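What's in run.tsv: TSV, C-alpha atoms
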chain	number	residue	atom	x	y	z
A	451	MET	CA	-21.03	6.83	13.03
A	452	SER	CA	-21.54	10.54	12.43
A	453	ALA	CA	-24.69	11.68	10.65
A	454	THR	CA	-22.47	13.88	8.47
A	455	THR	CA	-20.31	11.04	7.20
A	456	PRO	CA	-20.02	10.82	3.39
A	457	LEU	CA	-21.00	7.15	3.69
A	458	HIS	CA	-24.75	7.75	3.50
A	459	ASP	CA	-25.21	4.06	2.73
A	460	GLU	CA	-25.35	2.55	6.22
A	461	MET	CA	-25.11	-0.95	4.77
A	462	LEU	CA	-21.77	-0.01	3.19
A	463	ARG	CA	-20.60	1.31	6.55
A	464	HIS	CA	-21.55	-1.97	8.22
A	465	ARG	CA	-19.77	-3.94	5.48
A	466	LEU	CA	-16.63	-1.82	5.96
A	467	ASP	CA	-16.71	-2.45	9.72
A	468	ALA	CA	-17.19	-6.17	9.10
A	469	ALA	CA	-14.24	-6.16	6.70
A	470	LEU	CA	-12.00	-4.49	9.28
A	471	ALA	CA	-13.12	-6.96	11.95
A	472	GLN	CA	-12.43	-9.94	9.67
A	473	VAL	CA	-8.86	-8.89	8.82
A	474	ASN	CA	-8.18	-7.99	12.46
A	475	GLY	CA	-9.36	-11.49	13.36
A	476	VAL	CA	-6.59	-12.94	11.20
A	477	LEU	CA	-3.80	-10.44	11.87
A	478	LEU	CA	-4.07	-10.27	15.65
A	479	GLY	CA	-2.99	-7.25	17.67
A	480	LYS	CA	-2.39	-4.95	14.66
A	481	PRO	CA	-5.55	-2.79	14.39
A	482	ARG	CA	-3.63	0.36	13.45
A	483	GLN	CA	-1.67	-1.33	10.67
A	484	VAL	CA	-4.82	-3.02	9.34
A	485	LYS	CA	-6.67	0.29	9.32
A	486	LEU	CA	-3.76	1.93	7.50
A	487	ALA	CA	-3.79	-0.87	4.91
A	488	PHE	CA	-7.50	-0.26	4.35
A	489	THR	CA	-6.76	3.46	4.12
A	490	CYS	CA	-4.15	2.86	1.43
A	491	LEU	CA	-6.44	0.64	-0.66
A	492	ILE	CA	-9.43	3.01	-0.38
A	493	ALA	CA	-7.24	6.02	-1.25
A	494	GLY	CA	-6.05	4.28	-4.43
A	495	GLY	CA	-2.43	3.89	-3.36
A	496	HIS	CA	0.08	1.05	-3.06
A	497	LEU	CA	1.49	-0.47	0.12
A	498	LEU	CA	5.07	-1.38	1.09
A	499	LEU	CA	5.41	-3.76	4.05
A	500	GLU	CA	8.93	-3.68	5.46
A	501	ASP	CA	9.69	-6.10	8.27
A	502	VAL	CA	11.41	-9.32	9.27
A	503	PRO	CA	10.00	-12.65	8.03
A	504	GLY	CA	7.16	-14.32	9.88
A	505	VAL	CA	5.25	-11.34	11.27
A	506	GLY	CA	2.26	-11.53	8.91
A	507	LYS	CA	3.08	-9.51	5.79
A	508	THR	CA	1.89	-12.19	3.35
A	509	THR	CA	-1.04	-13.03	5.61
A	510	LEU	CA	-2.22	-9.42	5.49
A	511	ALA	CA	-2.09	-9.38	1.67
A	512	HIS	CA	-4.06	-12.64	1.42
A	513	ALA	CA	-6.62	-11.43	3.97
A	514	LEU	CA	-7.14	-8.15	2.10
A	515	ALA	CA	-7.67	-9.98	-1.20
A	516	ALA	CA	-10.18	-12.39	0.32
A	517	THR	CA	-12.04	-9.70	2.27
A	518	PHE	CA	-12.33	-7.29	-0.68
A	519	ASP	CA	-13.05	-10.17	-3.12
A	520	LEU	CA	-10.09	-9.19	-5.31
A	521	GLU	CA	-8.31	-11.37	-7.84
A	522	PHE	CA	-4.94	-12.19	-6.28
A	523	GLN	CA	-1.51	-12.99	-7.73
A	524	ARG	CA	1.80	-13.43	-5.96
A	525	ILE	CA	5.25	-12.94	-7.49
A	526	GLN	CA	8.33	-14.14	-5.62
A	527	PHE	CA	10.99	-11.63	-6.62
A	528	THR	CA	14.41	-13.20	-7.19
A	529	SER	CA	17.64	-12.07	-8.81
A	530	ASP	CA	16.84	-14.00	-12.02
A	531	LEU	CA	13.31	-12.62	-12.40
A	532	LEU	CA	12.74	-10.96	-15.78
A	533	PRO	CA	10.36	-8.09	-16.61
A	534	SER	CA	8.48	-10.48	-18.92
A	535	ASP	CA	7.86	-12.76	-15.91
A	536	ILE	CA	5.88	-9.88	-14.42
A	537	ILE	CA	4.23	-8.19	-17.38
A	538	GLY	CA	3.86	-11.04	-19.86
A	539	VAL	CA	5.24	-11.86	-23.27
A	540	SER	CA	4.16	-12.00	-26.90
A	541	VAL	CA	4.58	-15.49	-28.39
A	542	TYR	CA	4.60	-16.25	-32.11
A	543	GLU	CA	1.97	-18.80	-33.14
A	544	ARG	CA	2.71	-20.69	-36.33
A	545	GLU	CA	-0.93	-21.62	-36.86
A	546	THR	CA	-2.03	-18.00	-37.22
A	547	GLY	CA	1.27	-16.46	-38.25
A	548	GLU	CA	0.78	-13.79	-35.56
A	549	PHE	CA	2.14	-12.90	-32.16
A	550	ARG	CA	-0.23	-13.52	-29.28
A	551	PHE	CA	0.20	-11.73	-25.96
A	552	HIS	CA	0.21	-13.92	-22.87
A	553	PRO	CA	-0.46	-11.67	-19.86
A	554	GLY	CA	1.72	-11.99	-16.79
A	555	PRO	CA	0.66	-11.99	-13.13
A	556	ILE	CA	0.58	-8.18	-13.08
A	557	PHE	CA	-2.87	-8.37	-14.70
A	558	THR	CA	-4.70	-8.79	-11.42
A	559	SER	CA	-6.41	-6.62	-8.81
A	560	LEU	CA	-4.13	-7.31	-5.84
A	561	LEU	CA	-0.52	-8.11	-6.65
A	562	LEU	CA	1.77	-9.34	-3.87
A	563	ALA	CA	5.35	-8.47	-4.84
A	564	ASP	CA	7.14	-10.62	-2.29
A	565	GLU	CA	10.70	-9.58	-1.35
A	566	ILE	CA	10.67	-6.96	-4.07
A	567	ASN	CA	14.24	-5.82	-3.34
A	568	ARG	CA	15.66	-9.24	-4.34
A	569	ALA	CA	14.98	-8.54	-8.03
A	570	THR	CA	17.27	-6.47	-10.23
A	571	PRO	CA	16.41	-2.80	-10.89
A	572	LYS	CA	15.36	-3.76	-14.44
A	573	SER	CA	12.71	-6.12	-13.07
A	574	GLN	CA	11.69	-3.73	-10.31
A	575	SER	CA	11.11	-1.03	-12.92
A	576	ALA	CA	8.57	-3.26	-14.68
A	577	LEU	CA	6.16	-2.16	-11.96
A	578	LEU	CA	6.76	1.59	-12.34
A	579	GLU	CA	4.33	2.34	-15.16
A	580	ALA	CA	1.76	-0.05	-13.72
A	581	MET	CA	1.83	1.55	-10.27
A	582	ALA	CA	1.79	5.11	-11.57
A	583	GLU	CA	-0.62	4.84	-14.50
A	584	GLY	CA	-2.61	1.65	-13.99
A	585	GLN	CA	-1.38	0.35	-17.33
A	586	THR	CA	1.57	-1.41	-18.86
A	587	THR	CA	3.17	-1.27	-22.31
A	588	VAL	CA	4.52	-4.33	-24.14
A	589	ASP	CA	5.81	-4.26	-27.73
A	590	GLY	CA	4.47	-0.75	-28.15
A	591	VAL	CA	0.93	-1.72	-27.11
A	592	THR	CA	-0.51	-0.18	-23.95
A	593	ARG	CA	-2.82	-2.42	-21.95
A	594	GLU	CA	-5.04	-1.31	-19.10
A	595	LEU	CA	-4.80	-3.10	-15.78
A	596	PRO	CA	-7.85	-4.07	-13.73
A	597	LYS	CA	-9.44	-1.47	-11.49
A	598	PRO	CA	-8.65	-1.39	-8.69
A	599	PHE	CA	-4.99	-2.30	-9.10
A	600	PHE	CA	-3.34	-2.57	-5.69
A	601	VAL	CA	0.31	-3.57	-5.16
A	602	VAL	CA	1.37	-4.91	-1.78
A	603	ALA	CA	5.16	-5.27	-1.78
A	604	THR	CA	7.28	-6.77	0.99
A	605	GLN	CA	10.94	-6.54	1.87
A	606	ASN	CA	13.18	-7.52	4.76
A	607	PRO	CA	15.13	-4.44	5.94
A	608	LEU	CA	17.75	-6.49	7.81
A	609	ASP	CA	18.81	-9.25	5.40
A	610	LEU	CA	20.39	-7.13	2.67
A	611	ALA	CA	22.71	-9.76	1.15
A	612	GLY	CA	21.90	-10.17	-2.53
A	613	THR	CA	19.34	-7.37	-2.58
A	614	PHE	CA	18.89	-4.30	-4.75
A	615	PRO	CA	17.57	-1.35	-2.69
A	616	LEU	CA	14.53	0.31	-4.22
A	617	PRO	CA	15.41	3.65	-5.85
A	618	ASP	CA	13.65	6.77	-4.63
A	619	SER	CA	11.51	6.89	-7.77
A	620	GLN	CA	10.18	3.42	-6.96
A	621	LEU	CA	9.66	4.19	-3.27
A	622	ASP	CA	7.66	7.26	-4.25
A	623	ARG	CA	5.09	5.02	-5.97
A	624	PHE	CA	4.09	3.56	-2.60
A	625	MET	CA	1.54	5.68	-0.77
A	626	LEU	CA	2.31	4.09	2.61
A	627	ARG	CA	5.14	2.08	4.10
A	628	LEU	CA	4.29	0.01	7.18
A	629	SER	CA	6.08	-2.20	9.65
A	630	LEU	CA	3.96	-4.88	11.33
A	631	ASP	CA	6.49	-5.61	14.11
A	632	TYR	CA	6.23	-8.49	16.58
A	633	PRO	CA	2.84	-9.16	18.23
A	634	ASP	CA	2.28	-8.21	21.84
A	635	PRO	CA	2.23	-11.09	24.39
A	636	ALA	CA	-1.58	-11.43	24.39
A	637	ALA	CA	-1.80	-11.54	20.58
A	638	GLU	CA	1.12	-13.98	20.39
A	639	ARG	CA	-0.53	-16.30	22.92
A	640	ALA	CA	-3.74	-16.22	20.86
A	641	LEU	CA	-1.70	-17.12	17.77
A	642	LEU	CA	-0.02	-20.01	19.57
A	643	THR	CA	-3.24	-21.46	20.95
A	644	GLY	CA	-5.69	-20.53	18.21
A	645	GLU	CA	-6.60	-21.82	14.77
A	646	ASP	CA	-3.89	-22.16	12.14
A	647	ARG	CA	-3.79	-19.01	10.00
A	648	ARG	CA	-3.78	-21.05	6.78
A	649	ASP	CA	-6.95	-22.88	7.81
A	650	MET	CA	-8.52	-19.60	8.87
A	651	MET	CA	-7.65	-17.99	5.54
A	652	ALA	CA	-9.65	-20.63	3.71
A	653	THR	CA	-12.79	-19.65	5.63
A	654	LEU	CA	-12.64	-15.90	4.92
A	655	ALA	CA	-15.72	-14.55	3.14
A	656	PRO	CA	-15.89	-11.45	0.92
A	657	ARG	CA	-17.17	-8.49	2.92
A	658	LEU	CA	-16.72	-5.88	0.19
A	659	ASP	CA	-16.29	-5.96	-3.59
A	660	VAL	CA	-14.98	-3.87	-6.47
A	661	ALA	CA	-18.15	-1.75	-6.60
A	662	ALA	CA	-17.90	-1.04	-2.87
A	663	ILE	CA	-14.23	-0.05	-3.23
A	664	ALA	CA	-15.22	2.43	-5.95
A	665	GLN	CA	-17.90	3.88	-3.64
A	666	LEU	CA	-15.46	4.16	-0.76
A	667	HIS	CA	-12.84	5.79	-2.99
A	668	ALA	CA	-15.34	8.39	-4.20
A	669	ALA	CA	-16.48	9.03	-0.64
A	670	ALA	CA	-12.88	9.49	0.50
A	671	GLN	CA	-12.24	12.05	-2.24
A	672	ALA	CA	-15.29	13.98	-0.98
A	673	VAL	CA	-13.98	14.23	2.59
A	674	LYS	CA	-13.47	17.91	3.40
A	675	ALA	CA	-10.06	19.42	4.10
A	676	SER	CA	-10.27	22.96	5.48
A	677	GLY	CA	-7.95	25.79	4.56
A	678	THR	CA	-6.36	25.55	8.00
A	679	LEU	CA	-5.73	21.84	7.48
A	680	LEU	CA	-4.08	22.56	4.14
A	681	ASP	CA	-1.94	25.23	5.84
A	682	TYR	CA	-0.75	22.54	8.26
A	683	LEU	CA	0.00	20.14	5.39
A	684	GLN	CA	2.01	22.80	3.56
A	685	ALA	CA	3.90	23.62	6.76
A	686	LEU	CA	4.91	19.95	7.05
A	687	LEU	CA	6.01	19.86	3.42
A	688	SER	CA	8.02	23.05	3.84
A	689	ALA	CA	9.63	21.80	7.06
A	690	SER	CA	10.77	18.63	5.29
A	691	ARG	CA	12.55	20.71	2.64
A	692	LYS	CA	14.35	22.90	5.18
A	693	HIS	CA	15.31	20.29	7.77
A	694	ASN	CA	19.05	20.01	8.42
A	695	ASP	CA	19.00	16.20	8.21
A	696	VAL	CA	17.15	16.09	4.88
A	697	ARG	CA	18.86	16.31	1.49
A	698	VAL	CA	15.66	16.00	-0.57
A	699	GLY	CA	12.35	16.90	1.04
A	700	LEU	CA	8.78	15.98	0.21
A	701	SER	CA	7.53	16.74	-3.30
A	702	PRO	CA	4.10	18.07	-4.28
A	703	ARG	CA	3.20	14.50	-5.25
A	704	ALA	CA	4.01	13.45	-1.70
A	705	GLY	CA	1.70	16.21	-0.48
A	706	LEU	CA	-1.12	14.82	-2.63
A	707	ALA	CA	-0.49	11.34	-1.24
A	708	LEU	CA	-0.57	12.67	2.33
A	709	LEU	CA	-3.86	14.45	1.72
A	710	ALA	CA	-5.45	11.42	0.03
A	711	ALA	CA	-4.34	9.14	2.88
A	712	ALA	CA	-5.60	11.56	5.53
A	713	ARG	CA	-8.99	11.76	3.78
A	714	ALA	CA	-9.29	7.98	3.57
A	715	TRP	CA	-8.24	7.58	7.22
A	716	ALA	CA	-10.91	10.10	8.22
A	717	LEU	CA	-13.51	8.20	6.19
A	718	VAL	CA	-12.62	4.85	7.77
A	719	SER	CA	-12.79	6.62	11.16
A	720	GLY	CA	-16.37	7.74	10.39
A	721	ARG	CA	-15.87	11.41	9.60
A	722	ASP	CA	-16.49	13.54	6.51
A	723	TYR	CA	-13.74	16.04	7.35
A	724	VAL	CA	-10.02	15.79	8.04
A	725	ILE	CA	-8.61	16.84	11.40
A	726	PRO	CA	-4.91	17.44	12.20
A	727	GLU	CA	-4.74	14.09	14.01
A	728	ASP	CA	-5.58	12.31	10.74
A	729	LEU	CA	-2.66	13.98	9.01
A	730	GLN	CA	-0.39	13.20	11.96
A	731	THR	CA	-1.42	9.52	11.88
A	732	VAL	CA	-0.54	9.02	8.22
A	733	PHE	CA	2.47	11.36	8.10
A	734	VAL	CA	5.25	8.94	9.06
A	735	PRO	CA	3.90	6.00	6.97
A	736	ALA	CA	3.40	8.30	3.97
A	737	ALA	CA	6.44	10.57	4.30
A	738	ALA	CA	9.38	8.71	5.86
A	739	HIS	CA	10.25	6.55	2.83
A	740	ARG	CA	10.09	9.62	0.56
A	741	LEU	CA	12.69	11.61	2.51
A	742	VAL	CA	16.32	11.46	1.38
A	743	PRO	CA	18.54	11.89	4.48
A	744	ALA	CA	21.52	14.23	4.29
A	745	ARG	CA	23.51	11.94	6.60
A	746	GLY	CA	23.05	8.47	7.99
A	747	SER	CA	19.92	9.41	9.89
A	748	HIS	CA	16.98	7.04	9.93
A	749	ARG	CA	14.12	8.22	7.71
A	750	GLU	CA	11.41	7.46	10.27
A	751	ALA	CA	13.26	9.35	13.00
A	752	ILE	CA	13.52	12.38	10.71
A	753	ALA	CA	9.81	12.19	9.84
A	754	ARG	CA	8.87	12.02	13.52
A	755	ALA	CA	11.13	14.99	14.26
A	756	ILE	CA	9.51	17.05	11.48
A	757	LEU	CA	6.07	16.15	12.84
A	758	ALA	CA	7.06	17.08	16.40
A	759	GLU	CA	8.67	20.38	15.38
A	760	THR	CA	5.83	21.62	13.15
A	761	ALA	CA	3.07	23.41	15.03
A	762	VAL	CA	-0.60	23.00	14.12
A	763	PRO	CA	-1.90	26.38	12.83

The structure in this file should be written as structure tokens.
Amino acid sequence: MSATTPLHDEMLRHRLDAALAQVNGVLLGKPRQVKLAFTCLIAGGHLLLEDVPGVGKTTLAHALAATFDLEFQRIQFTSDLLPSDIIGVSVYERETGEFRFHPGPIFTSLLLADEINRATPKSQSALLEAMAEGQTTVDGVTRELPKPFFVVATQNPLDLAGTFPLPDSQLDRFMLRLSLDYPDPAAERALLTGEDRRDMMATLAPRLDVAAIAQLHAAAQAVKASGTLLDYLQALLSASRKHNDVRVGLSPRAGLALLAAARAWALVSGRDYVIPEDLQTVFVPAAAHRLVPARGSHREAIARAILAETAVP
């Protein structure tokens, strides 16, 4: 732990380390993905988990909620899901002669949007205002959502039957997109011989809370980014807009997301300044899903190519 870290509260640092250790104890063999999930939450973003079933996407969401002591709601997205099933609905009450709003599951701190691409675009769009503004509007009345408000969405990239691909405007609301992938042999053996994950989940204790998240978020915003680092970020943004395989490159909003994620990653790593390696670590998770390929190229492959071809100033 550097003496120059913005986390002057050593107890908070120890609690953050304990939180990371607890989630890593549940999601075995995925320390990088867990650290990126923490980075996304601390930076104030939203997380898209894209992978095949059974690799721990839902487990990660549950573990984050328990570890950060966040109110948790899960929505199973299906083709018949309505926006009112997400946001809530106003119901007329004869006794009072008035409409009373019944809030939906979106009014929570950590929302798991499971298989988000199985809902229609109309239902998917119910999350847009909430993810961008931290509020939602029903019947002309705007209602604030809890702070923090963190969406963890999942989707299976292989089983596309009966799905509605997320539009680019929706993808842009996610700060990071991660793939958990299969565990390595050692982690898989530990899963096979160890305690059931559901039983383990019931024993998880809060290591951080809403106040600590606010402190961590403020500390991340205070992490220094030098002029040279910003030159490197702008070079990456420019390269994405000029690349032959890209039809639509990274926007200024994507640049802000990259910088926020790099700052949070640096903070979790124990530094009060961003280095090029921080930006390189978060670049593919933060940029790939925002790129619109000109051909059939894979977004992650393009992002890696841009990263490899762009020199550090």

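Once all atoms listed in the file are considered, the residues situated within 7 Å of the file point (6.6, 19.0, 8.5) turn out to be Ala685, Leu686, Leu687, Ser688, Ala689, Ser690, Ile756, Leu757 and Thr760 of chain A.
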
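Distances to Asp530 of chain A were evaluated for A:Asp659, A:Arg544, A:Lys572, A:Ala516 using all atoms listed in the file, and the minimum falls at A:Lys572.
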
- [ ] For the point (6.6, -12.5, -2.8) in the file's frame, write as a list in words all residues with an atom no more than 8 Å away, counting all atoms listed in the file.
- [x] Thr508, Arg524, Ile525, Gln526, Phe527, Leu562, Ala563, Asp564, Glu565, Ile566, Ala603 and Thr604 of chain A

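Note that atom CA of Ala469 of chain A and atom CA of Leu658 of chain A are 7.0 Å apart.
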
Open item on the list: Between atom CA of Arg627 of chain A and atom CA of Gln523 of chain A, what is the distance in Å, rounded to a tenth?
Closed with: 20.3 Å

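Nearest to Gly506 of chain A of all the residues A:Gly479, A:Pro553, A:Gly538, A:Pro615 is A:Gly479, counting only C-alpha atoms.
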
Task: Selected residue, from A:Asp728, A:Leu561, A:Val673, A:Leu666, that lies nearest to Asp459 of chain A when counting only C-alpha atoms - done: A:Leu666

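Note that the spacing between atom CA of Ala487 of chain A and atom CA of Asp622 of chain A amounts to 16.8 Å.
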
Task: Who sits within 12 Å of Leu700 of chain A, all atoms listed in the file, same chain under 5 positions skipped, as number ranges by chain - done: A: 618, 622, 683-693, 705-708, 733-734, 736-743, 753, 756

Contacts of Asp695 of chain A within 8 Å, only C-alpha atoms, excl. fewer than 2 positions in-chain, as a CSV table (one decimal) with C-alpha atoms, in the coordinates of the input:
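Result written to result_17.csv:
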chain,number,residue,atom,x,y,z
A,693,HIS,CA,15.3,20.3,7.8
A,697,ARG,CA,18.9,16.3,1.5
A,743,PRO,CA,18.5,11.9,4.5
A,744,ALA,CA,21.5,14.2,4.3
A,745,ARG,CA,23.5,11.9,6.6
A,747,SER,CA,19.9,9.4,9.9
A,752,ILE,CA,13.5,12.4,10.7

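Between Asp634 of chain A and the residues A:Pro555, A:Lys480, A:Thr587, A:Ser529, the shortest atom-to-atom distance, using all atoms listed in the file, involves A:Lys480.
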
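Closest to Leu470 of chain A among A:Pro656, A:Gly677, A:Gly699, A:Pro607 is A:Pro656, based on all atoms listed in the file.
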
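The smallest atom-to-atom distance between Ala513 of chain A and any of A:Arg749, A:Arg550, A:Arg463, A:Arg647, using only C-alpha atoms, is found for A:Arg647.
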